[in-house]
$ cat final09.pdb   # PDB, C-alpha atoms
ATOM      1  CA  ASP A 165       1.925 -28.057   8.175  1.00  0.00           C
ATOM      2  CA  CYS A 166       0.269 -27.647   4.778  1.00  0.00           C
ATOM      3  CA  ASN A 167       1.549 -31.067   3.707  1.00  0.00           C
ATOM      4  CA  GLN A 168      -0.991 -32.589   6.083  1.00  0.00           C
ATOM      5  CA  GLU A 169      -3.753 -29.970   6.279  1.00  0.00           C
ATOM      6  CA  CYS A 170      -4.452 -28.673   2.787  1.00  0.00           C
ATOM      7  CA  SER A 171      -4.399 -29.718  -0.829  1.00  0.00           C
ATOM      8  CA  PRO A 172      -1.666 -28.608  -3.239  1.00  0.00           C
ATOM      9  CA  PRO A 173      -2.557 -26.117  -5.966  1.00  0.00           C
ATOM     10  CA  VAL A 174      -3.683 -27.791  -9.185  1.00  0.00           C
ATOM     11  CA  ILE A 175      -1.323 -27.637 -12.181  1.00  0.00           C
ATOM     12  CA  THR A 176      -3.661 -27.368 -15.137  1.00  0.00           C
ATOM     13  CA  ASN A 177      -1.324 -28.863 -17.760  1.00  0.00           C
ATOM     14  CA  GLY A 178      -0.386 -31.907 -15.717  1.00  0.00           C
ATOM     15  CA  ILE A 179       2.762 -33.039 -13.943  1.00  0.00           C
ATOM     16  CA  ASP A 180       5.575 -35.377 -14.996  1.00  0.00           C
ATOM     17  CA  VAL A 181       7.802 -36.587 -12.147  1.00  0.00           C
ATOM     18  CA  ALA A 182      10.953 -38.668 -12.660  1.00  0.00           C
ATOM     19  CA  PHE A 183      12.450 -40.219  -9.532  1.00  0.00           C
ATOM     20  CA  ILE A 184      16.150 -41.077  -9.183  1.00  0.00           C
ATOM     21  CA  VAL A 185      16.446 -43.286  -6.105  1.00  0.00           C
ATOM     22  CA  ASP A 186      19.913 -44.268  -4.889  1.00  0.00           C
ATOM     23  CA  ASN A 187      19.747 -47.989  -4.113  1.00  0.00           C
ATOM     24  CA  THR A 188      23.479 -48.546  -3.520  1.00  0.00           C
ATOM     25  CA  GLY A 189      25.108 -49.982  -0.428  1.00  0.00           C
ATOM     26  CA  SER A 190      26.243 -46.727   1.158  1.00  0.00           C
ATOM     27  CA  VAL A 191      22.760 -45.253   1.386  1.00  0.00           C
ATOM     28  CA  GLY A 192      21.461 -48.280   3.285  1.00  0.00           C
ATOM     29  CA  ASP A 193      17.942 -49.644   3.608  1.00  0.00           C
ATOM     30  CA  GLU A 194      16.357 -47.030   5.849  1.00  0.00           C
ATOM     31  CA  PRO A 195      15.939 -44.142   3.362  1.00  0.00           C
ATOM     32  CA  LEU A 196      14.371 -46.510   0.820  1.00  0.00           C
ATOM     33  CA  THR A 197      12.037 -47.816   3.523  1.00  0.00           C
ATOM     34  CA  SER A 198      11.146 -44.234   4.463  1.00  0.00           C
ATOM     35  CA  LEU A 199      10.275 -43.480   0.838  1.00  0.00           C
ATOM     36  CA  LYS A 200       8.155 -46.625   0.559  1.00  0.00           C
ATOM     37  CA  ASN A 201       6.320 -45.828   3.794  1.00  0.00           C
ATOM     38  CA  GLY A 202       5.475 -42.332   2.562  1.00  0.00           C
ATOM     39  CA  LEU A 203       4.545 -43.338  -0.971  1.00  0.00           C
ATOM     40  CA  THR A 204       0.776 -43.220  -0.500  1.00  0.00           C
ATOM     41  CA  THR A 205       0.872 -39.585   0.635  1.00  0.00           C
ATOM     42  CA  ILE A 206       3.330 -38.607  -2.105  1.00  0.00           C
ATOM     43  CA  LEU A 207       1.223 -40.140  -4.862  1.00  0.00           C
ATOM     44  CA  ASP A 208      -2.053 -38.803  -3.446  1.00  0.00           C
ATOM     45  CA  ASN A 209      -0.569 -35.309  -3.572  1.00  0.00           C
ATOM     46  CA  ILE A 210       0.855 -35.679  -7.082  1.00  0.00           C
ATOM     47  CA  ALA A 211      -2.491 -36.956  -8.350  1.00  0.00           C
ATOM     48  CA  ALA A 212      -4.385 -34.091  -6.705  1.00  0.00           C
ATOM     49  CA  ALA A 213      -1.907 -31.391  -7.799  1.00  0.00           C
ATOM     50  CA  SER A 214      -1.998 -32.597 -11.396  1.00  0.00           C
ATOM     51  CA  GLY A 215      -5.782 -32.757 -11.608  1.00  0.00           C
ATOM     52  CA  TYR A 216      -5.239 -36.500 -12.110  1.00  0.00           C
ATOM     53  CA  ASN A 217      -3.110 -35.831 -15.154  1.00  0.00           C
ATOM     54  CA  TYR A 218       0.324 -37.117 -14.165  1.00  0.00           C
ATOM     55  CA  ARG A 219       3.103 -39.430 -15.332  1.00  0.00           C
ATOM     56  CA  LEU A 220       5.731 -41.065 -13.134  1.00  0.00           C
ATOM     57  CA  SER A 221       9.059 -42.711 -13.921  1.00  0.00           C
ATOM     58  CA  LEU A 222      11.741 -44.426 -11.855  1.00  0.00           C
ATOM     59  CA  VAL A 223      15.503 -44.716 -12.428  1.00  0.00           C
ATOM     60  CA  THR A 224      18.139 -46.230 -10.114  1.00  0.00           C
ATOM     61  CA  PRO A 225      21.971 -46.229 -10.256  1.00  0.00           C
ATOM     62  CA  ASP A 226      22.443 -49.903  -9.280  1.00  0.00           C
ATOM     63  CA  GLU A 227      26.108 -50.844  -9.809  1.00  0.00           C
ATOM     64  CA  ASP A 228      27.196 -47.386 -11.041  1.00  0.00           C
ATOM     65  CA  GLN A 229      24.817 -47.681 -13.966  1.00  0.00           C
ATOM     66  CA  VAL A 230      21.519 -46.236 -15.180  1.00  0.00           C
ATOM     67  CA  HIS A 231      18.561 -48.574 -14.726  1.00  0.00           C
ATOM     68  CA  VAL A 232      15.290 -47.277 -16.171  1.00  0.00           C
ATOM     69  CA  ARG A 233      12.903 -49.310 -14.057  1.00  0.00           C
ATOM     70  CA  LEU A 234       9.751 -47.543 -15.188  1.00  0.00           C
ATOM     71  CA  PRO A 235       9.191 -45.123 -18.109  1.00  0.00           C
ATOM     72  CA  PHE A 236       6.542 -42.434 -18.181  1.00  0.00           C
ATOM     73  CA  SER A 237       2.932 -43.379 -18.862  1.00  0.00           C
ATOM     74  CA  LEU A 238      -0.303 -41.633 -18.003  1.00  0.00           C
ATOM     75  CA  ASN A 239      -1.681 -41.951 -14.461  1.00  0.00           C
ATOM     76  CA  ASN A 240       0.587 -44.936 -13.782  1.00  0.00           C
ATOM     77  CA  ARG A 241       0.373 -44.933 -10.001  1.00  0.00           C
ATOM     78  CA  ASP A 242      -0.023 -48.689  -9.585  1.00  0.00           C
ATOM     79  CA  ALA A 243       2.932 -49.476 -11.838  1.00  0.00           C
ATOM     80  CA  PHE A 244       5.071 -46.903 -10.018  1.00  0.00           C
ATOM     81  CA  GLU A 245       4.201 -48.302  -6.602  1.00  0.00           C
ATOM     82  CA  ASP A 246       5.076 -51.782  -7.822  1.00  0.00           C
ATOM     83  CA  ALA A 247       8.393 -50.558  -9.259  1.00  0.00           C
ATOM     84  CA  VAL A 248       9.417 -48.747  -6.069  1.00  0.00           C
ATOM     85  CA  ASN A 249       8.417 -51.635  -3.837  1.00  0.00           C
ATOM     86  CA  ALA A 250      10.375 -54.009  -6.074  1.00  0.00           C
ATOM     87  CA  ILE A 251      13.677 -52.192  -5.436  1.00  0.00           C
ATOM     88  CA  PRO A 252      15.653 -54.420  -3.066  1.00  0.00           C
ATOM     89  CA  GLY A 253      17.584 -52.603  -0.387  1.00  0.00           C
ATOM     90  CA  PRO A 254      21.330 -53.234  -0.034  1.00  0.00           C
ATOM     91  CA  GLU A 255      20.714 -55.468   2.974  1.00  0.00           C
ATOM     92  CA  ASP A 256      18.196 -57.500   0.976  1.00  0.00           C
ATOM     93  CA  GLY A 257      20.665 -58.469  -1.715  1.00  0.00           C
ATOM     94  CA  GLY A 258      20.271 -55.292  -3.759  1.00  0.00           C
ATOM     95  CA  ALA A 259      22.905 -53.199  -5.460  1.00  0.00           C
ATOM     96  CA  ASN A 260      26.311 -52.598  -3.907  1.00  0.00           C
ATOM     97  CA  GLY A 261      27.398 -49.639  -5.985  1.00  0.00           C
ATOM     98  CA  GLY A 262      31.099 -50.075  -5.297  1.00  0.00           C
ATOM     99  CA  GLN A 263      32.776 -47.045  -3.785  1.00  0.00           C
ATOM    100  CA  ASP A 264      31.349 -43.551  -3.854  1.00  0.00           C
ATOM    101  CA  PRO A 265      30.630 -41.477  -5.932  1.00  0.00           C
ATOM    102  CA  GLU A 266      27.492 -42.884  -7.581  1.00  0.00           C
ATOM    103  CA  SER A 267      26.066 -42.609 -11.090  1.00  0.00           C
ATOM    104  CA  THR A 268      22.992 -40.563 -10.157  1.00  0.00           C
ATOM    105  CA  ASP A 269      24.228 -37.723 -12.389  1.00  0.00           C
ATOM    106  CA  GLU A 270      24.185 -40.058 -15.383  1.00  0.00           C
ATOM    107  CA  CYS A 271      20.663 -41.064 -14.360  1.00  0.00           C
ATOM    108  CA  LEU A 272      19.779 -37.372 -14.570  1.00  0.00           C
ATOM    109  CA  SER A 273      21.379 -37.096 -18.015  1.00  0.00           C
ATOM    110  CA  THR A 274      19.353 -40.049 -19.270  1.00  0.00           C
ATOM    111  CA  ILE A 275      16.148 -38.448 -17.995  1.00  0.00           C
ATOM    112  CA  VAL A 276      16.823 -34.910 -19.213  1.00  0.00           C
ATOM    113  CA  ASN A 277      18.019 -36.026 -22.650  1.00  0.00           C
ATOM    114  CA  GLY A 278      15.660 -38.973 -23.139  1.00  0.00           C
ATOM    115  CA  LEU A 279      18.533 -41.379 -23.771  1.00  0.00           C
ATOM    116  CA  ALA A 280      18.179 -44.924 -25.048  1.00  0.00           C
ATOM    117  CA  ALA A 281      20.207 -47.846 -23.743  1.00  0.00           C
ATOM    118  CA  ALA A 282      21.586 -48.756 -27.159  1.00  0.00           C
ATOM    119  CA  ASN A 283      24.875 -46.977 -27.816  1.00  0.00           C
ATOM    120  CA  ARG A 284      24.722 -45.177 -24.456  1.00  0.00           C
ATOM    121  CA  VAL A 285      28.202 -43.745 -23.973  1.00  0.00           C
ATOM    122  CA  ASN A 286      30.330 -42.914 -20.976  1.00  0.00           C
ATOM    123  CA  PRO A 287      31.167 -39.196 -21.288  1.00  0.00           C
ATOM    124  CA  ARG A 288      34.248 -39.414 -19.039  1.00  0.00           C
ATOM    125  CA  ASN A 289      37.707 -40.694 -19.904  1.00  0.00           C
ATOM    126  CA  CYS A 290      37.532 -43.677 -17.534  1.00  0.00           C
ATOM    127  CA  THR A 291      36.511 -47.316 -17.474  1.00  0.00           C
ATOM    128  CA  PRO A 292      32.960 -47.944 -16.208  1.00  0.00           C
ATOM    129  CA  ARG A 293      32.598 -50.337 -13.289  1.00  0.00           C
ATOM    130  CA  SER A 294      29.735 -52.254 -14.868  1.00  0.00           C
ATOM    131  CA  SER A 295      28.340 -53.173 -18.242  1.00  0.00           C
ATOM    132  CA  PRO A 296      26.009 -52.220 -19.779  1.00  0.00           C
ATOM    133  CA  VAL A 297      26.063 -48.667 -18.485  1.00  0.00           C
ATOM    134  CA  GLN A 298      22.322 -48.321 -19.113  1.00  0.00           C
ATOM    135  CA  THR A 299      19.399 -50.741 -18.976  1.00  0.00           C
ATOM    136  CA  GLY A 300      16.109 -49.643 -20.493  1.00  0.00           C
ATOM    137  CA  ASP A 301      15.221 -46.632 -22.627  1.00  0.00           C
ATOM    138  CA  PHE A 302      13.964 -43.379 -21.147  1.00  0.00           C
ATOM    139  CA  SER A 303      11.084 -42.960 -23.555  1.00  0.00           C
ATOM    140  CA  PRO A 304       8.756 -41.146 -23.823  1.00  0.00           C
ATOM    141  CA  SER A 305      10.358 -37.948 -22.552  1.00  0.00           C
ATOM    142  CA  PHE A 306       8.702 -35.113 -20.616  1.00  0.00           C
ATOM    143  CA  ARG A 307       5.554 -33.561 -22.063  1.00  0.00           C
ATOM    144  CA  SER A 308       6.145 -30.054 -23.361  1.00  0.00           C
ATOM    145  CA  GLY A 309       3.283 -28.395 -21.484  1.00  0.00           C
ATOM    146  CA  ALA A 310       3.524 -30.246 -18.185  1.00  0.00           C
ATOM    147  CA  LEU A 311       5.286 -29.233 -14.981  1.00  0.00           C
ATOM    148  CA  LYS A 312       8.564 -31.174 -15.255  1.00  0.00           C
ATOM    149  CA  LEU A 313      10.097 -32.444 -12.022  1.00  0.00           C
ATOM    150  CA  VAL A 314      12.998 -34.707 -11.098  1.00  0.00           C
ATOM    151  CA  VAL A 315      13.454 -36.013  -7.558  1.00  0.00           C
ATOM    152  CA  VAL A 316      17.035 -37.078  -6.732  1.00  0.00           C
ATOM    153  CA  ILE A 317      17.556 -39.028  -3.505  1.00  0.00           C
ATOM    154  CA  THR A 318      21.200 -39.915  -2.794  1.00  0.00           C
ATOM    155  CA  ASP A 319      23.870 -39.792  -0.111  1.00  0.00           C
ATOM    156  CA  HIS A 320      27.079 -39.471  -2.150  1.00  0.00           C
ATOM    157  CA  GLU A 321      28.585 -37.357  -4.888  1.00  0.00           C
ATOM    158  CA  PRO A 322      26.850 -37.721  -8.253  1.00  0.00           C
ATOM    159  CA  GLY A 323      29.935 -38.718 -10.213  1.00  0.00           C
ATOM    160  CA  GLY A 324      29.477 -41.029 -13.159  1.00  0.00           C
ATOM    161  CA  PHE A 325      30.034 -44.641 -14.060  1.00  0.00           C
ATOM    162  CA  CYS A 326      33.624 -45.128 -12.844  1.00  0.00           C
ATOM    163  CA  ASP A 327      33.768 -44.527  -9.061  1.00  0.00           C
ATOM    164  CA  THR A 328      36.100 -41.589  -9.658  1.00  0.00           C
ATOM    165  CA  GLY A 329      33.933 -38.460  -9.837  1.00  0.00           C
ATOM    166  CA  ASP A 330      34.838 -35.070 -11.259  1.00  0.00           C
ATOM    167  CA  GLY A 331      33.825 -32.629  -8.552  1.00  0.00           C
ATOM    168  CA  GLY A 332      30.393 -32.157 -10.083  1.00  0.00           C
ATOM    169  CA  ALA A 333      31.538 -31.016 -13.535  1.00  0.00           C
ATOM    170  CA  ARG A 334      29.244 -33.296 -15.540  1.00  0.00           C
ATOM    171  CA  ALA A 335      26.441 -32.912 -13.017  1.00  0.00           C
ATOM    172  CA  GLY A 336      26.670 -29.172 -13.549  1.00  0.00           C
ATOM    173  CA  ILE A 337      26.281 -29.621 -17.300  1.00  0.00           C
ATOM    174  CA  TYR A 338      23.244 -31.831 -16.790  1.00  0.00           C
ATOM    175  CA  ALA A 339      21.722 -29.284 -14.416  1.00  0.00           C
ATOM    176  CA  GLN A 340      22.107 -26.618 -17.098  1.00  0.00           C
ATOM    177  CA  GLU A 341      20.480 -28.917 -19.647  1.00  0.00           C
ATOM    178  CA  ALA A 342      17.602 -29.451 -17.222  1.00  0.00           C
ATOM    179  CA  ARG A 343      17.235 -25.709 -16.706  1.00  0.00           C
ATOM    180  CA  ASN A 344      17.148 -25.144 -20.476  1.00  0.00           C
ATOM    181  CA  GLN A 345      14.160 -27.488 -20.679  1.00  0.00           C
ATOM    182  CA  CYS A 346      12.372 -26.029 -17.626  1.00  0.00           C
ATOM    183  CA  ILE A 347      12.997 -29.224 -15.647  1.00  0.00           C
ATOM    184  CA  HIS A 348      13.171 -28.551 -11.899  1.00  0.00           C
ATOM    185  CA  VAL A 349      15.259 -30.795  -9.626  1.00  0.00           C
ATOM    186  CA  ASN A 350      14.231 -31.614  -6.066  1.00  0.00           C
ATOM    187  CA  ALA A 351      17.593 -32.615  -4.540  1.00  0.00           C
ATOM    188  CA  ILE A 352      17.198 -34.662  -1.353  1.00  0.00           C
ATOM    189  CA  GLN A 353      20.514 -35.501   0.288  1.00  0.00           C
ATOM    190  CA  VAL A 354      20.743 -38.339   2.793  1.00  0.00           C
ATOM    191  CA  ASN A 355      23.395 -37.520   5.388  1.00  0.00           C
ATOM    192  CA  ASN A 356      25.818 -34.597   5.135  1.00  0.00           C
ATOM    193  CA  ASN A 357      28.525 -35.928   2.835  1.00  0.00           C
ATOM    194  CA  GLY A 358      30.653 -32.927   1.928  1.00  0.00           C
ATOM    195  CA  ASP A 359      31.381 -34.098  -1.619  1.00  0.00           C
ATOM    196  CA  ALA A 360      27.671 -34.392  -2.402  1.00  0.00           C
ATOM    197  CA  THR A 361      26.435 -31.157  -0.854  1.00  0.00           C
ATOM    198  CA  PRO A 362      27.735 -28.573  -3.378  1.00  0.00           C
ATOM    199  CA  ILE A 363      26.502 -30.657  -6.310  1.00  0.00           C
ATOM    200  CA  MET A 364      23.065 -31.152  -4.818  1.00  0.00           C
ATOM    201  CA  LEU A 365      22.877 -27.453  -3.963  1.00  0.00           C
ATOM    202  CA  ASN A 366      23.808 -26.632  -7.553  1.00  0.00           C
ATOM    203  CA  TYR A 367      20.929 -28.795  -8.804  1.00  0.00           C
ATOM    204  CA  PHE A 368      18.670 -26.683  -6.577  1.00  0.00           C
ATOM    205  CA  HIS A 369      20.025 -23.301  -7.666  1.00  0.00           C
ATOM    206  CA  GLU A 370      20.592 -24.052 -11.357  1.00  0.00           C
ATOM    207  CA  THR A 371      17.160 -25.590 -11.990  1.00  0.00           C
ATOM    208  CA  CYS A 372      15.123 -23.339  -9.663  1.00  0.00           C
ATOM    209  CA  GLY A 373      14.287 -26.398  -7.627  1.00  0.00           C
ATOM    210  CA  TRP A 374      14.567 -27.486  -4.016  1.00  0.00           C
ATOM    211  CA  TYR A 375      17.176 -28.870  -1.626  1.00  0.00           C
ATOM    212  CA  GLU A 376      16.756 -30.707   1.660  1.00  0.00           C
ATOM    213  CA  GLN A 377      19.031 -32.836   3.811  1.00  0.00           C
ATOM    214  CA  THR A 378      17.841 -35.828   5.835  1.00  0.00           C
ATOM    215  CA  ASP A 379      19.406 -37.921   8.547  1.00  0.00           C
ATOM    216  CA  SER A 380      20.885 -41.276   7.577  1.00  0.00           C
ATOM    217  CA  ASP A 381      17.575 -43.015   8.320  1.00  0.00           C
ATOM    218  CA  GLY A 382      15.770 -40.924   5.708  1.00  0.00           C
ATOM    219  CA  THR A 383      13.403 -39.241   8.146  1.00  0.00           C
ATOM    220  CA  GLY A 384      11.259 -36.680   6.332  1.00  0.00           C
ATOM    221  CA  ILE A 385      11.834 -37.921   2.769  1.00  0.00           C
ATOM    222  CA  ALA A 386       8.116 -38.019   1.962  1.00  0.00           C
ATOM    223  CA  GLN A 387       7.658 -34.491   3.320  1.00  0.00           C
ATOM    224  CA  TYR A 388      10.580 -33.226   1.238  1.00  0.00           C
ATOM    225  CA  VAL A 389       9.203 -34.824  -1.917  1.00  0.00           C
ATOM    226  CA  ASN A 390       5.795 -33.271  -1.252  1.00  0.00           C
ATOM    227  CA  ARG A 391       7.352 -29.849  -0.717  1.00  0.00           C
ATOM    228  CA  MET A 392       7.879 -29.338  -4.444  1.00  0.00           C
ATOM    229  CA  LEU A 393       4.089 -29.415  -4.933  1.00  0.00           C
ATOM    230  CA  TYR A 394       3.406 -26.736  -2.301  1.00  0.00           C
ATOM    231  CA  VAL A 395       6.429 -24.428  -2.398  1.00  0.00           C
ATOM    232  CA  PRO A 396       7.313 -22.778  -5.717  1.00  0.00           C
ATOM    233  CA  GLY A 397      10.918 -22.999  -6.878  1.00  0.00           C
ATOM    234  CA  ASP A 398      13.196 -20.035  -6.322  1.00  0.00           C
ATOM    235  CA  CYS A 399      12.670 -18.590  -9.815  1.00  0.00           C
ATOM    236  CA  ASN A 400      10.537 -19.038 -12.857  1.00  0.00           C
ATOM    237  CA  CYS A 401      11.759 -20.917 -15.886  1.00  0.00           C
TER     238      CYS A 401
END

$ encode --input "final09.pdb" --output "structure tokens"
Amino acid sequence: DCNQECSPPVITNGIDVAFIVDNTGSVGDEPLTSLKNGLTTILDNIAAASGYNYRLSLVTPDEDQVHVRLPFSLNNRDAFEDAVNAIPGPEDGGANGGQDPESTDECLSTIVNGLAAANRVNPRNCTPRSSPVQTGDFSPSFRSGALKLVVVITDHEPGGFCDTGDGGARAGIYAQEARNQCIHVNAIQVNNNGDATPIMLNYFHETCGWYEQTDSDGTGIAQYVNRMLYVPGDCNC
């Protein structure tokens, strides 16, 4: 397996990677633990593939919200590791998230559009579960010349702030916005929830990205994150 035996090709203009990590109750602790356990390999590969010119960010949905836990900054491996390891799992008193769907699509919108927390609006005609809908600004945005990647790890339908969903309508819009900016989405689905699958597959197809499905314990998450550095997307931007 090349993920273990060879180095990824170097991206000369650097790499920006934004992670959306579902930390709600339905996903459970095991996928988050799997990500944490594989973090050293993931970050080693990102650093090598970028020629040590990378930026990382982290966003979580919490209680059907957008929580910008870490914005982009140059070669910020230590800060990213700290931010990921600081996410409490649901069984450790972390986020509950209410019912599915989750607000991971709104996390994507914040990332793609570089949205600030102030005056962040709910684009659906519904009442958000939690307030504020966004904590922290997603700034700075992606660098224009870098390889732009978003990793989405979730188990349920990406469906906004209100626990109602819309069958992926808004997520589809955000995927198109990502495609227009040459942002590629690596969609990693935990479990085989039927409401999530078509939306996650659309992220993959629309953004020329990647799609993988893991078991409920998150086995293989690190490998699936690494895959985007070794396997080109299905089409060029």

$ residues_near_point --input "final09.pdb" --point "(2.2, -46.6, -12.3)" --cutoff "12 Å" --atoms "only C-alpha atoms" --output "list of chain:residue names"
A:Val181, A:Ala182, A:Leu207, A:Ala211, A:Tyr218, A:Arg219, A:Leu220, A:Ser221, A:Leu222, A:Arg233, A:Leu234, A:Pro235, A:Phe236, A:Ser237, A:Leu238, A:Asn239, A:Asn240, A:Arg241, A:Asp242, A:Ala243, A:Phe244, A:Glu245, A:Asp246, A:Ala247, A:Val248, A:Asn249

$ resolve_selection --input "final09.pdb" --expression "the PyMOL selection byres ((chain A and resi 214-217) around 10)" --output "PyMOL selection string"
chain A and resi 172-180+208-213+218-219+238-240+310-311+393

$ resolve_selection --input "final09.pdb" --expression "the PyMOL selection byres ((chain A and resi 347-354) around 7)" --output "PyMOL selection string"
chain A and resi 312-319+342-343+345-346+355-356+364+367-368+371-380+382+392

$ axis_aligned_box --input "final09.pdb" --around "segment 356-372 of chain A" --padding-each-side "5 Å" --output "AutoDock Vina command-line options"
--center_x 23.3 --center_y -29.6 --center_z -3.4 --size_x 26.3 --size_y 22.6 --size_z 27.1

$ closest_residue --input "final09.pdb" --among "A:Ala333, A:Val223, A:Ile251, A:Ala339" --to "Asp301 of chain A" --atoms "all atoms listed in the file"
A:Val223

$ decode --input "final09.pdb" --residues "segment 362-369 of chain A" --atoms "all heavy atoms" --output "tab-separated table (two decimals), in the first residue's frame"
chain	number	residue	atom	x	y	z
A	362	PRO	N	-26.14	9.78	-0.61
A	362	PRO	CA	-26.18	10.53	-1.87
A	362	PRO	C	-25.56	11.92	-1.76
A	362	PRO	O	-25.00	12.43	-2.74
A	362	PRO	CB	-27.67	10.60	-2.19
A	362	PRO	CG	-28.38	10.33	-0.91
A	362	PRO	CD	-27.50	9.41	-0.14
A	363	ILE	N	-25.64	12.53	-0.59
A	363	ILE	CA	-25.06	13.87	-0.42
A	363	ILE	C	-23.54	13.79	-0.39
A	363	ILE	O	-22.84	14.59	-1.03
A	363	ILE	CB	-25.60	14.52	0.87
A	363	ILE	CG1	-27.13	14.63	0.80
A	363	ILE	CG2	-24.97	15.89	1.10
A	363	ILE	CD1	-27.77	15.06	2.10
A	364	MET	N	-23.03	12.80	0.32
A	364	MET	CA	-21.58	12.62	0.37
A	364	MET	C	-21.02	12.23	-0.99
A	364	MET	O	-19.96	12.70	-1.41
A	364	MET	CB	-21.23	11.58	1.43
A	364	MET	CG	-21.63	11.98	2.85
A	364	MET	SD	-20.63	13.32	3.54
A	364	MET	CE	-19.26	12.37	4.22
A	365	LEU	N	-21.76	11.40	-1.72
A	365	LEU	CA	-21.34	11.05	-3.08
A	365	LEU	C	-21.36	12.27	-4.00
A	365	LEU	O	-20.51	12.40	-4.88
A	365	LEU	CB	-22.23	9.94	-3.63
A	365	LEU	CG	-21.93	8.52	-3.13
A	365	LEU	CD1	-23.03	7.56	-3.57
A	365	LEU	CD2	-20.57	8.04	-3.64
A	366	ASN	N	-22.32	13.15	-3.79
A	366	ASN	CA	-22.38	14.36	-4.61
A	366	ASN	C	-21.19	15.27	-4.32
A	366	ASN	O	-20.64	15.89	-5.25
A	366	ASN	CB	-23.68	15.12	-4.36
A	366	ASN	CG	-23.81	16.32	-5.29
A	366	ASN	OD1	-23.84	16.20	-6.51
A	366	ASN	ND2	-23.87	17.51	-4.70
A	367	TYR	N	-20.78	15.38	-3.05
A	367	TYR	CA	-19.56	16.12	-2.74
A	367	TYR	C	-18.40	15.59	-3.59
A	367	TYR	O	-17.62	16.35	-4.17
A	367	TYR	CB	-19.19	15.97	-1.26
A	367	TYR	CG	-20.00	16.76	-0.28
A	367	TYR	CD1	-20.01	16.39	1.07
A	367	TYR	CD2	-20.73	17.89	-0.64
A	367	TYR	CE1	-20.72	17.11	2.02
A	367	TYR	CE2	-21.45	18.61	0.30
A	367	TYR	CZ	-21.44	18.21	1.63
A	367	TYR	OH	-22.14	18.93	2.57
A	368	PHE	N	-18.27	14.27	-3.60
A	368	PHE	CA	-17.21	13.59	-4.35
A	368	PHE	C	-17.28	13.92	-5.84
A	368	PHE	O	-16.30	14.38	-6.45
A	368	PHE	CB	-17.33	12.09	-4.07
A	368	PHE	CG	-16.79	11.16	-5.12
A	368	PHE	CD1	-15.53	11.33	-5.66
A	368	PHE	CD2	-17.56	10.09	-5.56
A	368	PHE	CE1	-15.04	10.44	-6.62
A	368	PHE	CE2	-17.08	9.21	-6.51
A	368	PHE	CZ	-15.82	9.39	-7.05
A	369	HIS	N	-18.45	13.74	-6.45
A	369	HIS	CA	-18.57	13.93	-7.89
A	369	HIS	C	-18.49	15.41	-8.27
A	369	HIS	O	-17.80	15.77	-9.24
A	369	HIS	CB	-19.90	13.34	-8.38
A	369	HIS	CG	-19.95	11.85	-8.33
A	369	HIS	ND1	-19.10	11.05	-9.04
A	369	HIS	CD2	-20.77	11.01	-7.63
A	369	HIS	CE1	-19.38	9.77	-8.80
A	369	HIS	NE2	-20.38	9.72	-7.95
